[in-house]
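J.: Dropping in coords-v8.txt, with compact mmCIF, C-alpha atoms and all ligand atoms.
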# COMPACT_ATOMS: atom_id res chain seq x y z
CA MET A 22 117.71 119.20 90.65
CA LEU A 23 115.58 122.33 91.05
CA GLU A 24 116.82 125.48 89.38
CA VAL A 25 114.81 128.64 89.78
CA SER A 26 116.11 131.70 88.02
CA LYS A 27 114.89 135.31 88.36
CA LEU A 28 111.38 134.14 89.17
CA SER A 29 108.75 136.84 89.52
CA VAL A 30 105.03 136.40 90.22
CA SER A 31 102.29 139.03 90.25
CA TYR A 32 98.68 139.38 91.31
CA GLY A 33 97.41 141.73 88.60
CA GLU A 34 99.56 144.85 88.72
CA SER A 35 101.05 143.97 92.07
CA GLU A 36 104.30 141.96 92.03
CA ALA A 37 104.50 139.57 95.01
CA ILE A 38 107.73 137.68 94.15
CA HIS A 39 110.59 139.80 92.86
CA GLY A 40 113.05 137.82 90.78
CA VAL A 41 114.22 135.11 93.19
CA ASP A 42 116.99 132.61 92.42
CA LEU A 43 117.22 129.18 93.99
CA ILE A 44 119.35 126.15 93.21
CA ALA A 45 118.59 123.00 95.19
CA SER A 46 120.52 119.76 94.73
CA LYS A 47 119.52 116.15 94.85
CA ASN A 48 119.23 114.96 98.46
CA GLU A 49 119.09 118.50 99.80
CA THR A 50 116.38 119.94 102.03
CA ILE A 51 115.86 123.70 101.94
CA ALA A 52 113.59 125.70 104.24
CA VAL A 53 112.12 128.99 103.06
CA MET A 54 111.17 130.91 106.17
CA GLY A 55 109.21 134.10 106.55
CA ARG A 56 106.36 135.79 108.32
CA ASN A 57 102.74 135.66 107.13
CA GLY A 58 102.23 137.42 103.83
CA MET A 59 105.92 137.45 102.81
CA GLY A 60 105.31 135.32 99.72
CA LYS A 61 105.92 131.68 100.65
CA THR A 62 102.61 130.37 99.33
CA THR A 63 102.82 132.54 96.20
CA LEU A 64 106.30 131.14 95.49
CA PHE A 65 105.17 127.53 95.95
CA LYS A 66 102.01 127.98 93.87
CA SER A 67 104.07 129.38 91.02
CA LEU A 68 106.53 126.47 91.27
CA ILE A 69 103.73 123.92 90.92
CA GLY A 70 101.95 125.98 88.26
CA VAL A 71 98.79 127.00 90.10
CA LEU A 72 99.84 130.64 89.63
CA PRO A 73 101.36 131.85 86.37
CA VAL A 74 104.99 132.90 86.33
CA GLY A 75 105.51 136.57 85.47
CA GLY A 76 109.18 136.20 84.52
CA GLY A 77 112.15 133.92 84.95
CA SER A 78 112.39 130.15 84.71
CA ILE A 79 111.95 126.91 86.65
CA LYS A 80 113.91 123.78 85.75
CA VAL A 81 113.57 120.30 87.22
CA ASP A 82 116.45 117.94 86.56
CA GLY A 83 117.45 120.12 83.61
CA VAL A 84 113.96 120.23 82.06
CA ASP A 85 112.36 123.67 81.71
CA VAL A 86 108.87 123.36 83.22
CA THR A 87 108.08 127.10 83.30
CA LYS A 88 105.42 126.92 80.62
CA MET A 89 103.99 123.55 81.65
CA THR A 90 100.62 122.94 83.31
CA SER A 91 100.56 121.63 86.89
CA TYR A 92 99.78 118.12 85.61
CA GLN A 93 102.80 118.20 83.30
CA ARG A 94 105.00 119.52 86.09
CA VAL A 95 103.94 116.62 88.33
CA ALA A 96 104.71 114.21 85.48
CA ASN A 97 108.13 115.88 85.27
CA GLY A 98 108.89 115.37 88.93
CA ILE A 99 107.44 118.14 91.13
CA ALA A 100 105.00 117.26 93.90
CA TYR A 101 103.18 119.69 96.13
CA VAL A 102 101.76 119.45 99.63
CA PRO A 103 99.63 122.58 99.90
CA GLN A 104 99.14 124.76 102.94
CA GLY A 105 96.13 123.49 104.87
CA ARG A 106 96.76 119.99 103.38
CA MET A 107 93.67 120.08 101.11
CA ILE A 108 92.91 116.40 101.39
CA PHE A 109 89.54 115.21 100.11
CA PRO A 110 87.42 114.88 103.28
CA SER A 111 84.67 112.64 101.87
CA MET A 112 87.08 110.20 100.20
CA THR A 113 88.76 107.36 102.10
CA VAL A 114 92.44 107.47 102.98
CA LEU A 115 93.17 104.94 100.21
CA GLU A 116 91.22 106.95 97.64
CA ASN A 117 93.02 110.13 98.68
CA ILE A 118 96.42 108.50 98.15
CA GLN A 119 95.28 107.05 94.81
CA THR A 120 94.58 110.55 93.48
CA GLY A 121 98.35 111.05 93.57
CA LEU A 122 98.91 108.14 91.16
CA GLU A 123 97.42 109.89 88.12
CA THR A 124 100.73 110.62 86.39
CA VAL A 125 102.41 107.25 87.05
CA LYS A 126 101.95 103.97 85.16
CA ASP A 127 101.77 101.57 88.08
CA LYS A 128 98.57 102.37 89.95
CA THR A 129 99.42 100.40 93.10
CA ILE A 130 100.44 102.23 96.25
CA PRO A 131 104.04 101.19 97.05
CA ASP A 132 104.50 99.32 100.36
CA GLU A 133 107.10 101.87 101.46
CA ILE A 134 104.32 104.47 101.77
CA PHE A 135 102.62 102.42 104.48
CA ALA A 136 105.99 101.65 106.05
CA LEU A 137 106.51 105.41 106.37
CA PHE A 138 102.95 106.08 107.53
CA PRO A 139 101.65 102.98 109.38
CA VAL A 140 98.73 105.01 110.73
CA LEU A 141 97.46 105.54 107.18
CA PHE A 142 97.40 101.78 106.65
CA ASP A 143 95.40 101.31 109.85
CA MET A 144 92.97 104.00 108.76
CA ARG A 145 92.90 103.19 105.05
CA GLN A 146 89.11 102.78 104.89
CA ARG A 147 88.32 105.86 106.98
CA LYS A 148 87.18 109.11 105.42
CA GLY A 149 89.97 111.69 105.15
CA GLY A 150 87.83 114.23 106.96
CA ASN A 151 87.77 112.03 110.08
CA LEU A 152 91.55 112.08 110.52
CA SER A 153 93.37 114.40 112.95
CA GLY A 154 95.35 117.35 111.59
CA GLY A 155 98.64 115.46 111.91
CA GLN A 156 97.22 112.39 110.18
CA GLN A 157 95.83 114.57 107.38
CA GLN A 158 99.30 116.08 106.96
CA GLN A 159 100.77 112.59 106.64
CA LEU A 160 98.06 111.77 104.11
CA ALA A 161 98.87 114.87 102.05
CA ILE A 162 102.58 113.92 102.07
CA ALA A 163 101.77 110.30 101.09
CA ARG A 164 99.55 111.52 98.22
CA ALA A 165 102.40 113.71 96.95
CA LEU A 166 105.03 110.97 97.32
CA VAL A 167 103.27 108.34 95.21
CA SER A 168 103.84 110.46 92.09
CA ASN A 169 107.57 109.65 92.54
CA PRO A 170 108.76 113.25 92.76
CA LYS A 171 112.28 114.47 92.26
CA VAL A 172 111.31 117.67 94.05
CA LEU A 173 108.85 117.68 96.95
CA LEU A 174 107.34 121.04 97.96
CA LEU A 175 105.66 121.39 101.36
CA ASP A 176 103.91 124.63 102.26
CA GLU A 177 103.87 125.21 106.05
CA PRO A 178 103.42 121.53 107.00
CA THR A 179 103.41 122.26 110.76
CA GLU A 180 100.62 124.82 110.63
CA GLY A 181 97.89 123.89 113.12
CA ILE A 182 99.72 120.74 114.24
CA GLN A 183 100.47 120.00 117.88
CA PRO A 184 104.16 120.07 118.96
CA SER A 185 104.55 116.32 119.58
CA ILE A 186 103.28 115.58 116.07
CA ILE A 187 105.53 118.26 114.55
CA LYS A 188 108.47 116.07 115.62
CA ASP A 189 106.89 113.08 113.83
CA ILE A 190 106.58 115.12 110.63
CA ALA A 191 110.26 116.13 110.90
CA ASN A 192 111.20 112.45 111.34
CA VAL A 193 109.13 111.50 108.30
CA LEU A 194 110.87 114.10 106.11
CA ASN A 195 114.25 112.80 107.26
CA GLU A 196 113.14 109.22 106.53
CA ILE A 197 111.99 110.22 103.03
CA ARG A 198 115.44 111.60 102.28
CA LYS A 199 117.05 108.35 103.36
CA MET A 200 114.65 106.27 101.26
CA ARG A 201 114.73 108.39 98.13
CA GLU A 202 117.30 110.81 96.86
CA ILE A 203 114.99 113.77 96.41
CA THR A 204 115.06 117.50 96.90
CA ILE A 205 112.72 118.83 99.57
CA ILE A 206 111.69 122.49 99.73
CA VAL A 207 109.65 123.38 102.78
CA SER A 208 108.14 126.73 103.73
CA GLU A 209 107.89 127.30 107.45
CA GLN A 210 107.69 129.67 110.38
CA VAL A 211 108.75 127.14 113.04
CA LEU A 212 112.53 127.32 113.45
CA SER A 213 112.90 124.21 115.65
CA PHE A 214 111.28 122.21 112.83
CA THR A 215 113.47 123.60 110.05
CA MET A 216 116.59 123.11 112.19
CA ALA A 217 115.60 119.42 112.43
CA VAL A 218 115.15 118.90 108.69
CA ALA A 219 116.88 121.53 106.54
CA ASP A 220 120.43 121.69 105.19
CA ARG A 221 119.95 125.32 104.28
CA ILE A 222 117.63 128.02 105.57
CA ILE A 223 116.54 130.94 103.39
CA VAL A 224 114.59 133.93 104.69
CA ILE A 225 111.94 135.49 102.45
CA ASP A 226 110.79 139.04 103.14
CA LYS A 227 108.28 140.94 101.01
CA GLY A 228 108.83 138.63 98.06
CA SER A 229 112.65 138.65 98.05
CA PHE A 230 115.23 136.32 99.58
CA ILE A 231 117.09 138.44 102.11
CA HIS A 232 119.20 135.94 104.03
CA GLU A 233 120.63 132.44 103.62
CA ASP A 234 122.64 130.11 105.83
CA LEU A 235 123.72 126.51 105.99
CA ARG A 236 122.11 124.90 109.02
CA GLU A 237 125.43 124.57 110.86
CA ASN A 238 126.01 128.32 110.53
CA VAL A 239 122.51 129.44 111.48
CA ASP A 240 122.29 132.08 114.18
CA THR A 241 118.88 131.14 115.58
CA ALA A 242 118.47 134.49 117.35
CA GLN A 243 118.95 136.30 114.06
CA ILE A 244 116.48 134.09 112.16
CA SER A 245 113.95 134.44 115.01
CA LYS A 246 114.26 138.19 114.65
CA TYR A 247 113.38 137.97 110.95
CA LEU A 248 110.38 135.83 111.85
CA SER A 249 109.01 138.07 114.57
CA VAL A 250 106.70 140.93 113.70
N1 LIG B 1 94.96 136.12 95.60
C1 LIG B 1 95.71 137.20 95.87
N2 LIG B 1 95.46 138.39 95.28
C2 LIG B 1 96.24 139.47 95.56
N3 LIG B 1 97.27 139.45 96.40
C3 LIG B 1 97.57 138.30 97.03
C4 LIG B 1 96.79 137.11 96.80
N4 LIG B 1 97.31 136.11 97.56
C5 LIG B 1 98.35 136.67 98.24
N5 LIG B 1 98.50 137.97 97.91
C6 LIG B 1 99.53 138.88 98.43
O1 LIG B 1 100.81 138.37 98.11
C7 LIG B 1 101.72 138.54 99.19
C8 LIG B 1 102.31 137.19 99.58
O2 LIG B 1 101.28 136.35 100.14
P1 LIG B 1 101.50 134.79 100.43
O3 LIG B 1 100.17 134.19 100.75
O4 LIG B 1 102.29 134.20 99.35
O5 LIG B 1 102.38 134.87 101.75
P2 LIG B 1 102.83 133.70 102.74
O6 LIG B 1 104.24 134.02 103.11
O7 LIG B 1 102.54 132.39 102.17
O8 LIG B 1 101.90 133.95 103.99
P3 LIG B 1 101.01 132.91 104.80
O9 LIG B 1 101.93 132.25 105.73
O10 LIG B 1 100.04 133.82 105.49
O11 LIG B 1 100.36 132.01 103.81
C9 LIG B 1 100.93 139.22 100.29
O12 LIG B 1 101.18 140.60 100.23
C10 LIG B 1 99.49 138.93 99.94
O13 LIG B 1 98.64 139.97 100.39
Please, can you express the file's structure as structure tokens?
T.:
Amino acid sequence: MLEVSKLSVSYGESEAIHGVDLIASKNETIAVMGRNGMGKTTLFKSLIGVLPVGGGSIKVDGVDVTKMTSYQRVANGIAYVPQGRMIFPSMTVLENIQTGLETVKDKTIPDEIFALFPVLFDMRQRKGGNLSGGQQQQLAIARALVSNPKVLLLDEPTEGIQPSIIKDIANVLNEIRKMREITIIVSEQVLSFTMAVADRIIVIDKGSFIHEDLRENVDTAQISKYLSV
């Protein structure tokens, strides 16, 4: 479903992602884990097209999107939940979700979105900026989901979220997989969260993938070591 080959990304002269390969199947959730500054956000921004690709290719469901704009990539099935959520604080919850409908024909928000996030239905007329961090995260996921993605990218969804709500976000990601056969790629530093959602865990270090395990084979002590400074 998502096929990334020899992807490199640079900031000016400085290369931040060094030729990474990633193949993710339909109905698979992959966690990319690494410390601050290891390249998670750079990788995700290049996948959605906010940062230009220096080399390599990105394919979604067999279609090469490497040279496409972000808008075209969304139309071709990638959706992105950015770090820090980036919801529109002065727009209502409904209006925020509607911004995700730009690339699809039917402009109505599917009922299943409110079934997944009942709190968003209750708060549909509230301003996004008045929601809690966890509710804003749900809003950012809902906004991404209404574009009907084949590949959903989430950049550090648990950042700044309290532990009890982190569990809710994990449950939501697992529900999404049951409802739709999509690929989920999540960047994270919280191992308990990725162990609850991911089929595979990849460790990124200084812009390269240095370790990979299926969840059932993960040695949590070893991954924790990679994640500690
Ligand atoms: N706008 C930029 N200009 C130059 N270098 C950058 C820029 N943004 C990030 N970098 C560098 O790229 C590398 C990867 O940063 P990135 O933000 O992708 O890491 P990250 O793993 O997402 O960390 P965090 O969890 O802190 O967001 C770092 O060395 C960082 O200093």
J.: Calculated over all atoms listed in the file, which of the candidates A:Pro184, A:Pro103, A:Gly228, A:Gly76 has the smallest distance to Arg56 (chain A)?
T.: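 Closest to Arg56 (chain A) of all the choices is A:Gly228.
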J.: Show me a table, sorted first by chain and then by increasing residue number, of the residues of chain A having an atom at most 8 Å from ligand LIG 1 (chain B), each with its shortest atom pair and the distance in Å to one decimal, counting all atoms listed in the file and written as JSON lines.
T.:
{"residue": "A:Ser31", "atom": "CA", "partner": "B:LIG1", "partner_atom": "N3", "distance": 7.9}
{"residue": "A:Tyr32", "atom": "CA", "partner": "B:LIG1", "partner_atom": "C2", "distance": 4.9}
{"residue": "A:Gly33", "atom": "CA", "partner": "B:LIG1", "partner_atom": "C2", "distance": 7.4}
{"residue": "A:Ser35", "atom": "CA", "partner": "B:LIG1", "partner_atom": "N3", "distance": 7.3}
{"residue": "A:Glu36", "atom": "CA", "partner": "B:LIG1", "partner_atom": "O1", "distance": 7.9}
{"residue": "A:Ala37", "atom": "CA", "partner": "B:LIG1", "partner_atom": "O1", "distance": 5.0}
{"residue": "A:Ile38", "atom": "CA", "partner": "B:LIG1", "partner_atom": "C8", "distance": 7.7}
{"residue": "A:Gly55", "atom": "CA", "partner": "B:LIG1", "partner_atom": "O6", "distance": 6.0}
{"residue": "A:Arg56", "atom": "CA", "partner": "B:LIG1", "partner_atom": "O6", "distance": 5.9}
{"residue": "A:Asn57", "atom": "CA", "partner": "B:LIG1", "partner_atom": "O10", "distance": 3.7}
{"residue": "A:Gly58", "atom": "CA", "partner": "B:LIG1", "partner_atom": "O5", "distance": 3.3}
{"residue": "A:Met59", "atom": "CA", "partner": "B:LIG1", "partner_atom": "O6", "distance": 3.8}
{"residue": "A:Gly60", "atom": "CA", "partner": "B:LIG1", "partner_atom": "O4", "distance": 3.2}
{"residue": "A:Lys61", "atom": "CA", "partner": "B:LIG1", "partner_atom": "O7", "distance": 3.8}
{"residue": "A:Thr62", "atom": "CA", "partner": "B:LIG1", "partner_atom": "O7", "distance": 3.5}
{"residue": "A:Thr63", "atom": "CA", "partner": "B:LIG1", "partner_atom": "O4", "distance": 3.6}
{"residue": "A:Leu64", "atom": "CA", "partner": "B:LIG1", "partner_atom": "O4", "distance": 6.4}
{"residue": "A:Gln104", "atom": "CA", "partner": "B:LIG1", "partner_atom": "O11", "distance": 7.4}
{"residue": "A:Asp176", "atom": "CA", "partner": "B:LIG1", "partner_atom": "O7", "distance": 7.9}
{"residue": "A:Glu177", "atom": "CA", "partner": "B:LIG1", "partner_atom": "O9", "distance": 7.3}
{"residue": "A:Glu209", "atom": "CA", "partner": "B:LIG1", "partner_atom": "O9", "distance": 7.9}
{"residue": "A:Gln210", "atom": "CA", "partner": "B:LIG1", "partner_atom": "O9", "distance": 7.8}
{"residue": "A:Ile225", "atom": "CA", "partner": "B:LIG1", "partner_atom": "O6", "distance": 7.9}
{"residue": "A:Lys227", "atom": "CA", "partner": "B:LIG1", "partner_atom": "O12", "distance": 7.2}
{"residue": "A:Gly228", "atom": "CA", "partner": "B:LIG1", "partner_atom": "C8", "distance": 6.8}
J.: Nearest to Ala161 (chain A): which of A:Ile118, A:Val125, A:Leu174, A:Ile130 is it, counting all atoms listed in the file?
T.: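 Ranking A:Ile118, A:Val125, A:Leu174, A:Ile130 by distance to Ala161 (chain A), first place goes to A:Ile118.
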J.: What is the CA of Gly70 (chain A) to CA of Thr90 (chain A) distance in Å?
T.: 6.0 Å
J.: Just checking: using all atoms listed in the file, which residue out of A:Gly155, A:Pro131, A:Gly77, A:Gly98 ends up closest to Asp189 (chain A)?
T.: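 Closest to Asp189 (chain A) of all the choices is A:Gly155.
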J.: Measuring atom to atom with all atoms listed in the file, identify which of A:Leu28, A:Val167, A:Val95, A:Leu122 is nearest to Pro73 (chain A).
T.: A:Leu28
J.: As an exercise, work out the distance from CA of Ser46 (chain A) to CA of Leu194 (chain A) in Å and give it to one decimal place.
T.: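 About the pair CA of Ser46 (chain A) and CA of Leu194 (chain A): they are 16.0 Å apart.
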